[in-house]
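To be precise, the following lines are final-v7.cif, and they hold mmCIF, C-alpha atoms and all ligand atoms.
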```cif
data_coords
#
loop_
_atom_site.label_atom_id
_atom_site.label_comp_id
_atom_site.auth_asym_id
_atom_site.auth_seq_id
_atom_site.Cartn_x
_atom_site.Cartn_y
_atom_site.Cartn_z
CA MET A 1 -7.21 -43.57 -0.66
CA ARG A 2 -8.89 -41.69 2.18
CA VAL A 3 -7.19 -39.63 4.88
CA ASP A 4 -8.75 -39.42 8.35
CA VAL A 5 -8.87 -35.94 9.90
CA LEU A 6 -10.58 -36.15 13.31
CA GLY A 7 -12.97 -38.84 12.07
CA VAL A 8 -13.88 -37.38 8.67
CA THR A 9 -12.26 -39.36 5.85
CA PHE A 10 -11.12 -37.18 2.93
CA ASP A 11 -10.30 -38.29 -0.60
CA ASP A 12 -6.64 -37.62 -1.31
CA VAL A 13 -7.01 -36.06 -4.74
CA THR A 14 -5.86 -33.13 -6.84
CA MET A 15 -8.46 -30.82 -8.38
CA ASP A 16 -8.10 -32.57 -11.77
CA GLU A 17 -8.55 -35.97 -10.19
CA ALA A 18 -11.60 -34.78 -8.24
CA VAL A 19 -13.22 -33.45 -11.42
CA GLY A 20 -12.34 -36.67 -13.28
CA LEU A 21 -13.97 -38.75 -10.54
CA GLY A 22 -17.01 -36.45 -10.56
CA MET A 23 -17.38 -36.97 -14.33
CA GLU A 24 -17.19 -40.74 -13.85
CA LEU A 25 -19.94 -40.54 -11.22
CA LEU A 26 -22.20 -38.84 -13.78
CA ASP A 27 -22.20 -42.14 -15.65
CA THR A 28 -22.95 -44.46 -12.74
CA PRO A 29 -26.57 -45.20 -11.82
CA GLY A 30 -28.07 -43.78 -8.62
CA ALA A 31 -27.70 -40.37 -6.98
CA ASP A 32 -24.11 -40.28 -5.74
CA THR A 33 -23.16 -37.51 -3.33
CA VAL A 34 -20.19 -35.15 -3.02
CA VAL A 35 -19.46 -33.31 0.22
CA THR A 36 -16.89 -30.56 0.84
CA PRO A 37 -16.21 -30.40 4.58
CA ASN A 38 -14.24 -27.55 6.15
CA PRO A 39 -13.00 -27.54 9.77
CA GLU A 40 -16.38 -26.24 10.95
CA ILE A 41 -18.16 -29.30 9.50
CA VAL A 42 -15.51 -31.64 10.93
CA MET A 43 -16.21 -30.13 14.35
CA ALA A 44 -19.98 -30.58 13.82
CA CYS A 45 -19.39 -34.23 12.85
CA ARG A 46 -17.58 -34.85 16.13
CA LYS A 47 -20.79 -33.99 17.97
CA ASP A 48 -23.22 -35.69 15.58
CA PRO A 49 -22.45 -39.34 14.68
CA GLU A 50 -25.29 -39.44 12.16
CA LEU A 51 -23.83 -36.44 10.32
CA LEU A 52 -20.38 -38.07 10.43
CA ASP A 53 -21.82 -41.21 8.85
CA THR A 54 -23.60 -39.14 6.17
CA VAL A 55 -20.40 -37.26 5.32
CA ASN A 56 -18.14 -40.31 5.30
CA SER A 57 -20.51 -42.35 3.15
CA ALA A 58 -20.43 -39.77 0.32
CA SER A 59 -18.83 -40.93 -2.93
CA LEU A 60 -16.40 -38.00 -2.83
CA VAL A 61 -15.26 -36.16 0.31
CA LEU A 62 -13.27 -33.10 -0.80
CA PRO A 63 -11.05 -31.03 1.52
CA ASP A 64 -12.55 -27.54 1.32
CA GLY A 65 -10.02 -25.07 2.60
CA ILE A 66 -6.59 -24.71 4.05
CA GLY A 67 -7.61 -25.68 7.62
CA ILE A 68 -8.14 -29.30 6.57
CA ILE A 69 -4.82 -29.33 4.70
CA TYR A 70 -2.96 -28.08 7.81
CA GLY A 71 -4.83 -30.59 9.96
CA ALA A 72 -3.83 -33.52 7.73
CA ARG A 73 -0.22 -32.28 7.60
CA ILE A 74 0.02 -31.98 11.39
CA LEU A 75 -1.37 -35.53 11.68
CA LYS A 76 1.47 -36.69 9.35
CA THR A 77 -0.99 -37.86 6.71
CA PRO A 78 -0.76 -34.96 4.23
CA LEU A 79 -3.40 -34.47 1.56
CA LYS A 80 -2.33 -33.64 -2.02
CA SER A 81 -4.35 -30.46 -2.35
CA LYS A 82 -7.25 -28.41 -1.12
CA VAL A 83 -10.24 -28.76 -3.40
CA PRO A 84 -12.66 -25.87 -2.77
CA GLY A 85 -16.19 -26.96 -3.67
CA ALA A 86 -16.99 -23.88 -5.78
CA ASP A 87 -13.85 -24.46 -7.92
CA TRP A 88 -14.55 -28.19 -8.25
CA ALA A 89 -18.04 -27.46 -9.56
CA GLU A 90 -16.63 -25.00 -12.13
CA GLY A 91 -14.19 -27.71 -13.23
CA MET A 92 -17.23 -29.96 -13.69
CA PHE A 93 -19.13 -27.25 -15.65
CA ALA A 94 -16.23 -26.88 -18.09
CA ARG A 95 -16.21 -30.62 -18.84
CA MET A 96 -19.99 -30.99 -18.71
CA ALA A 97 -20.36 -28.13 -21.22
CA ARG A 98 -18.25 -30.06 -23.75
CA ALA A 99 -20.39 -33.14 -23.19
CA GLY A 100 -23.76 -31.25 -23.24
CA ARG A 101 -24.62 -32.35 -19.68
CA SER A 102 -27.09 -30.57 -17.41
CA VAL A 103 -27.02 -28.98 -13.97
CA TYR A 104 -29.71 -27.81 -11.52
CA PHE A 105 -29.00 -25.09 -8.95
CA LEU A 106 -30.80 -25.41 -5.60
CA GLY A 107 -30.23 -22.96 -2.75
CA ALA A 108 -29.54 -19.39 -1.62
CA LYS A 109 -31.95 -16.47 -1.42
CA PRO A 110 -34.72 -15.99 -4.03
CA GLY A 111 -33.27 -14.91 -7.38
CA VAL A 112 -29.69 -15.94 -6.61
CA ALA A 113 -29.86 -19.47 -8.08
CA GLU A 114 -31.34 -18.06 -11.33
CA ALA A 115 -28.59 -15.41 -11.56
CA ALA A 116 -25.93 -18.07 -10.86
CA ALA A 117 -27.41 -20.27 -13.60
CA GLU A 118 -27.41 -17.39 -16.08
CA ASN A 119 -23.79 -16.48 -15.32
CA MET A 120 -22.55 -20.07 -15.55
CA ALA A 121 -24.43 -20.68 -18.81
CA LYS A 122 -22.62 -17.64 -20.28
CA LYS A 123 -19.24 -18.64 -18.88
CA TYR A 124 -19.49 -22.28 -20.02
CA PRO A 125 -21.27 -22.33 -23.40
CA GLY A 126 -22.81 -25.76 -23.94
CA LEU A 127 -23.61 -26.31 -20.26
CA ARG A 128 -27.31 -27.13 -20.04
CA ILE A 129 -29.24 -25.48 -17.21
CA ALA A 130 -31.94 -27.88 -16.06
CA GLY A 131 -33.43 -25.43 -13.55
CA ALA A 132 -32.92 -23.29 -10.47
CA HIS A 133 -34.78 -22.91 -7.15
CA ASP A 134 -34.09 -20.92 -4.02
CA GLY A 135 -33.13 -22.57 -0.74
CA TYR A 136 -35.94 -21.22 1.44
CA PHE A 137 -38.82 -23.68 1.13
CA GLY A 138 -41.00 -25.67 3.51
CA ASP A 139 -41.70 -29.23 2.37
CA ASP A 140 -39.02 -31.04 0.40
CA GLY A 141 -41.62 -32.96 -1.69
CA PRO A 142 -42.62 -30.29 -4.23
CA VAL A 143 -38.97 -29.27 -4.72
CA VAL A 144 -37.94 -32.89 -5.29
CA GLU A 145 -40.73 -33.19 -7.88
CA LEU A 146 -39.50 -30.10 -9.71
CA ILE A 147 -35.95 -31.45 -9.78
CA ASN A 148 -37.12 -34.87 -10.92
CA SER A 149 -39.13 -33.44 -13.78
CA ALA A 150 -35.95 -31.65 -14.93
CA SER A 151 -33.83 -34.83 -14.27
CA PRO A 152 -30.43 -33.05 -14.26
CA ASP A 153 -27.12 -34.88 -14.44
CA LEU A 154 -25.72 -32.79 -11.58
CA LEU A 155 -27.63 -31.13 -8.72
CA LEU A 156 -25.91 -28.47 -6.62
CA VAL A 157 -27.43 -28.35 -3.13
CA CYS A 158 -26.40 -25.04 -1.56
CA LEU A 159 -28.31 -24.79 1.72
CA GLY A 160 -25.33 -24.35 4.05
CA ALA A 161 -23.86 -27.09 6.27
CA PRO A 162 -25.10 -29.32 7.79
CA LYS A 163 -28.54 -28.66 6.30
CA GLN A 164 -27.44 -29.56 2.76
CA GLU A 165 -25.76 -32.83 3.80
CA LYS A 166 -28.91 -33.90 5.69
CA TRP A 167 -31.14 -32.82 2.78
CA MET A 168 -29.13 -34.97 0.36
CA ARG A 169 -29.25 -37.95 2.73
CA ASP A 170 -33.02 -37.66 3.32
CA ASN A 171 -33.96 -37.23 -0.35
CA ARG A 172 -31.34 -39.31 -2.11
CA ASP A 173 -33.54 -42.36 -2.74
CA ARG A 174 -36.29 -40.38 -4.45
CA LEU A 175 -34.13 -38.03 -6.51
CA ASN A 176 -33.74 -38.62 -10.23
CA VAL A 177 -30.22 -37.15 -10.59
CA ARG A 178 -26.84 -38.71 -11.36
CA LEU A 179 -24.77 -36.75 -8.88
CA MET A 180 -25.40 -34.11 -6.24
CA ALA A 181 -22.99 -31.94 -4.32
CA GLY A 182 -23.41 -29.90 -1.13
CA LEU A 183 -21.65 -26.60 -1.90
CA GLY A 184 -22.54 -24.06 0.80
CA GLY A 185 -22.36 -20.47 -0.42
CA SER A 186 -21.20 -21.27 -4.01
CA LEU A 187 -24.35 -19.93 -5.69
CA ASP A 188 -23.78 -16.54 -4.02
CA VAL A 189 -20.31 -16.55 -5.59
CA TYR A 190 -21.52 -17.61 -9.08
CA ALA A 191 -24.27 -14.98 -8.92
CA GLY A 192 -21.76 -12.28 -7.92
CA VAL A 193 -23.58 -11.61 -4.63
CA VAL A 194 -20.44 -12.59 -2.71
CA GLN A 195 -16.91 -11.97 -4.06
CA ARG A 196 -14.24 -14.64 -3.82
CA ALA A 197 -10.86 -13.47 -2.49
CA PRO A 198 -8.52 -12.08 -5.20
CA ASP A 199 -6.01 -14.60 -6.62
CA ARG A 200 -3.12 -13.18 -4.58
CA TRP A 201 -4.96 -13.82 -1.30
CA ARG A 202 -5.94 -17.31 -2.44
CA LYS A 203 -2.37 -18.19 -3.43
CA LEU A 204 -1.27 -17.16 0.07
CA ASP A 205 -4.04 -19.37 1.52
CA LEU A 206 -5.68 -16.30 3.05
CA GLU A 207 -9.14 -16.71 1.58
CA TRP A 208 -10.54 -17.28 5.08
CA LEU A 209 -9.13 -13.90 6.21
CA TYR A 210 -10.64 -12.13 3.21
CA ARG A 211 -14.04 -13.66 3.93
CA LEU A 212 -13.78 -12.61 7.56
CA ILE A 213 -12.95 -9.01 6.62
CA LYS A 214 -15.86 -8.91 4.14
CA GLN A 215 -18.31 -10.67 6.46
CA PRO A 216 -17.24 -9.97 10.09
CA SER A 217 -20.39 -11.78 11.28
CA ARG A 218 -18.55 -15.04 10.41
CA LEU A 219 -16.18 -14.53 13.35
CA GLY A 220 -18.15 -16.82 15.69
CA ARG A 221 -18.06 -19.61 13.08
CA MET A 222 -14.38 -19.06 12.31
CA LEU A 223 -13.37 -19.35 15.92
CA LYS A 224 -13.94 -23.08 15.44
CA LEU A 225 -10.78 -23.16 13.30
CA PRO A 226 -8.22 -22.57 16.11
CA TRP A 227 -10.19 -25.01 18.25
CA PHE A 228 -10.06 -27.59 15.44
CA LEU A 229 -6.28 -27.12 15.08
CA ALA A 230 -5.81 -27.43 18.86
CA ILE A 231 -7.60 -30.81 18.84
CA VAL A 232 -5.49 -31.92 15.86
CA VAL A 233 -2.27 -31.03 17.71
CA TRP A 234 -3.54 -32.83 20.83
CA LYS A 235 -4.26 -35.94 18.73
CA ARG A 236 -0.80 -35.80 17.13
CA VAL A 237 0.95 -35.45 20.52
CA PHE A 238 -1.16 -37.81 22.63
CA GLY A 239 -2.58 -40.05 19.91
CA LYS A 240 -6.24 -39.72 20.96
N1 LIG A 301 -29.21 -21.15 2.69
C1 LIG A 301 -30.34 -21.65 2.07
N2 LIG A 301 -31.36 -22.12 2.84
C2 LIG A 301 -31.33 -22.09 4.19
C3 LIG A 301 -30.15 -21.60 4.83
C4 LIG A 301 -29.10 -21.14 4.03
O1 LIG A 301 -30.41 -21.69 0.85
O2 LIG A 301 -32.29 -22.53 4.82
C5 LIG A 301 -28.13 -20.66 1.86
C6 LIG A 301 -27.66 -19.25 2.13
O3 LIG A 301 -28.54 -18.31 1.50
C7 LIG A 301 -26.28 -19.27 1.52
C8 LIG A 301 -25.83 -20.71 1.76
O4 LIG A 301 -27.00 -21.45 2.09
O5 LIG A 301 -26.36 -19.05 0.13
C9 LIG A 301 -24.83 -20.87 2.91
O6 LIG A 301 -23.77 -20.06 2.71
P1 LIG A 301 -22.50 -20.02 3.67
O7 LIG A 301 -21.62 -18.96 3.13
O8 LIG A 301 -22.93 -19.98 5.10
O9 LIG A 301 -21.91 -21.47 3.39
P2 LIG A 301 -20.42 -21.99 3.46
O10 LIG A 301 -19.91 -21.88 2.06
O11 LIG A 301 -19.69 -21.17 4.48
O12 LIG A 301 -20.65 -23.42 3.90
#
```
I need this file expressed as structure tokens, please.
Amino acid sequence: MRVDVLGVTFDDVTMDEAVGLGMELLDTPGADTVVTPNPEIVMACRKDPELLDTVNSASLVLPDGIGIIYGARILKTPLKSKVPGADWAEGMFARMARAGRSVYFLGAKPGVAEAAAENMAKKYPGLRIAGAHDGYFGDDGPVVELINSASPDLLLVCLGAPKQEKWMRDNRDRLNVRLMAGLGGSLDVYAGVVQRAPDRWRKLDLEWLYRLIKQPSRLGRMLKLPWFLAIVVWKRVFGK
């Protein structure tokens, strides 16, 4: 079942269910897509119908962050759980490692994808690394060729939103992968370039605050969150 939060329709799943569905998608033909919208992407979708269509037509739309969970709750259509994209992908790596499946890391600054691949290969013995490439390239064609020659089961596309969603849409038909997921800054986290919030902060749903303290330049982007919640409350009260 999908839950509508200001036009974006989210899958109502727990983390385990999301990983289970991801594993099933590895066995279906064609390059399925996974997107992980946060309030900022929902706001972008409100201004860009083509982006909205791209996001909503993904095979899995996972609620990334507490803002979406609050939004759904205020709208009286609560979601079971937040499913941060970086955690979902690690859930996939754990299961893929047992099954000997492969992953390709695309995105972030030069050297980061390789470091992320190395760290994940160590953390999940058995996980096959099909390749890694940075996210700063001109033409898509040569990168698509590289990915296709590696033919990974899972492709992580970490170019930031909405670039990664558009990249997946534009290249989907020519990509030889089973599943691809747009995961923002996850490679920076796997590589250790960016630290996730400590567990205590995450349990208190304060990961956003931790990120803001560590990267104050995100303030402009984060100011979309109160705006998003204001629109949600308006919709709840006035129904439009
Ligand atoms: N990025 C990239 N190519 C670009 C622009 C951005 O690979 O042309 C990368 C950037 O280096 C970073 C990620 O995309 O690793 C975006 O991270 P951010 O923290 O902004 O994403 P979020 O998780 O907030 O969506």
Name all residues at most 12 Å from Cys158 of chain A (count all atoms listed in the file; drop same-chain ones fewer than 4 positions away) and give them as a PyMOL selection string. chain A and resi 34-36+85-86+89+104-109+112-113+116+132-136+162-168+180-190
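Relative to atom O1 of ligand LIG 301 (chain A), atom CA of Ser151 of chain A is found at 20.3 Å.
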Output as a tab-separated table one row per residue of segment 68-149 of chain A within 9 Å of segment 170-178 of chain A: the closest atom pair and its distance in Å to one decimal place, counting all atoms listed in the file, sorted by chain and residue number ascending.
```
residue	atom	partner	partner_atom	distance
A:Asp140	CA	A:Asn171	CA	8.0
A:Gly141	CA	A:Asn171	CA	8.9
A:Val144	CA	A:Leu175	CA	6.5
A:Glu145	CA	A:Leu175	CA	8.3
A:Ile147	CA	A:Asn176	CA	7.5
A:Asn148	CA	A:Asn176	CA	5.1
A:Ser149	CA	A:Asn176	CA	8.3
```
Between atom CA of Lys82 of chain A and atom CA of Gly65 of chain A, what is the spacing in Å?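 Atom-to-atom, atom CA of Gly65 of chain A and atom CA of Lys82 of chain A are spaced 5.7 Å apart.
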Do you have the atom CA of Leu60 of chain A-atom CA of Phe10 of chain A distance handy?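 A separation of 7.9 Å between them.
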Shortest interatomic distance to ligand LIG 301 (chain A) - which of A:Gly100, A:Pro84, A:Gly22, A:Gly131, counting all atoms listed in the file: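 Checking each candidate against ligand LIG 301 (chain A), we get A:Pro84 as the closest.
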Each side padded by 8 Å, which centre and which edge lengths in Å (one decimal) define the axis-aligned box around the listed atoms of ligand LIG 301 (chain A)? Give them as AutoDock Vina command-line options.
```
--center_x -26.0 --center_y -20.9 --center_z 2.6 --size_x 28.6 --size_y 21.1 --size_z 21.0
```
Please produce, as a tab-separated table, a per-residue contact table for segment 61-124 of chain A versus segment 232-239 of chain A (criterion: any atom at most 12 Å away, all atoms listed in the file considered), showing the nearest atom pair and its distance in Å to one decimal, sorted by chain then residue number.
```
residue	atom	partner	partner_atom	distance
A:Gly67	CA	A:Val232	CA	10.6
A:Ile68	CA	A:Val232	CA	10.0
A:Ile69	CA	A:Val232	CA	11.5
A:Tyr70	CA	A:Val232	CA	9.3
A:Gly71	CA	A:Val232	CA	6.1
A:Ala72	CA	A:Val232	CA	8.5
A:Arg73	CA	A:Val232	CA	9.8
A:Ile74	CA	A:Val233	CA	6.8
A:Leu75	CA	A:Arg236	CA	5.5
A:Lys76	CA	A:Arg236	CA	8.2
A:Thr77	CA	A:Arg236	CA	10.6
```
For each of A:Gln195, A:Ser81, A:Ser59, A:Thr33, take the minimum atom-to-atom distance to ligand LIG 301 (chain A), counting all atoms listed in the file, then give the residue where this is smallest.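 Looking at the shortest contact to ligand LIG 301 (chain A), the residue is A:Gln195.
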Excluding Pro125 of chain A and its own-chain neighbours fewer than 3 positions away, which residues fall within 9 Å of it when counting all atoms listed in the file? Please give them as number ranges by chain. A: 94, 97-98, 120-122, 128
Distance criterion (all atoms listed in the file): nearest to Thr14 of chain A out of A:Ile66, A:Val83, A:Met1, A:Met43: A:Val83
Write out as a PyMOL selection string each polymer residue whose atoms come within 10 Å of Ile41 of chain A, counting only C-alpha atoms; drop sequence neighbours fewer than 2 positions from it. chain A and resi 8+36-39+43-46+51-52+55+161-162+224
Given all atoms listed in the file as the counted atoms, nearest of A:Lys123, A:Arg101, A:Arg221, A:Lys80 to ligand LIG 301 (chain A): A:Arg221
Taking only C-alpha atoms into account, which of A:Gly91, A:Glu40, A:Asp32, A:Ser57 comes nearest Asp16 of chain A?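 Residue with the minimum atom-to-atom distance to Asp16 of chain A: A:Gly91.
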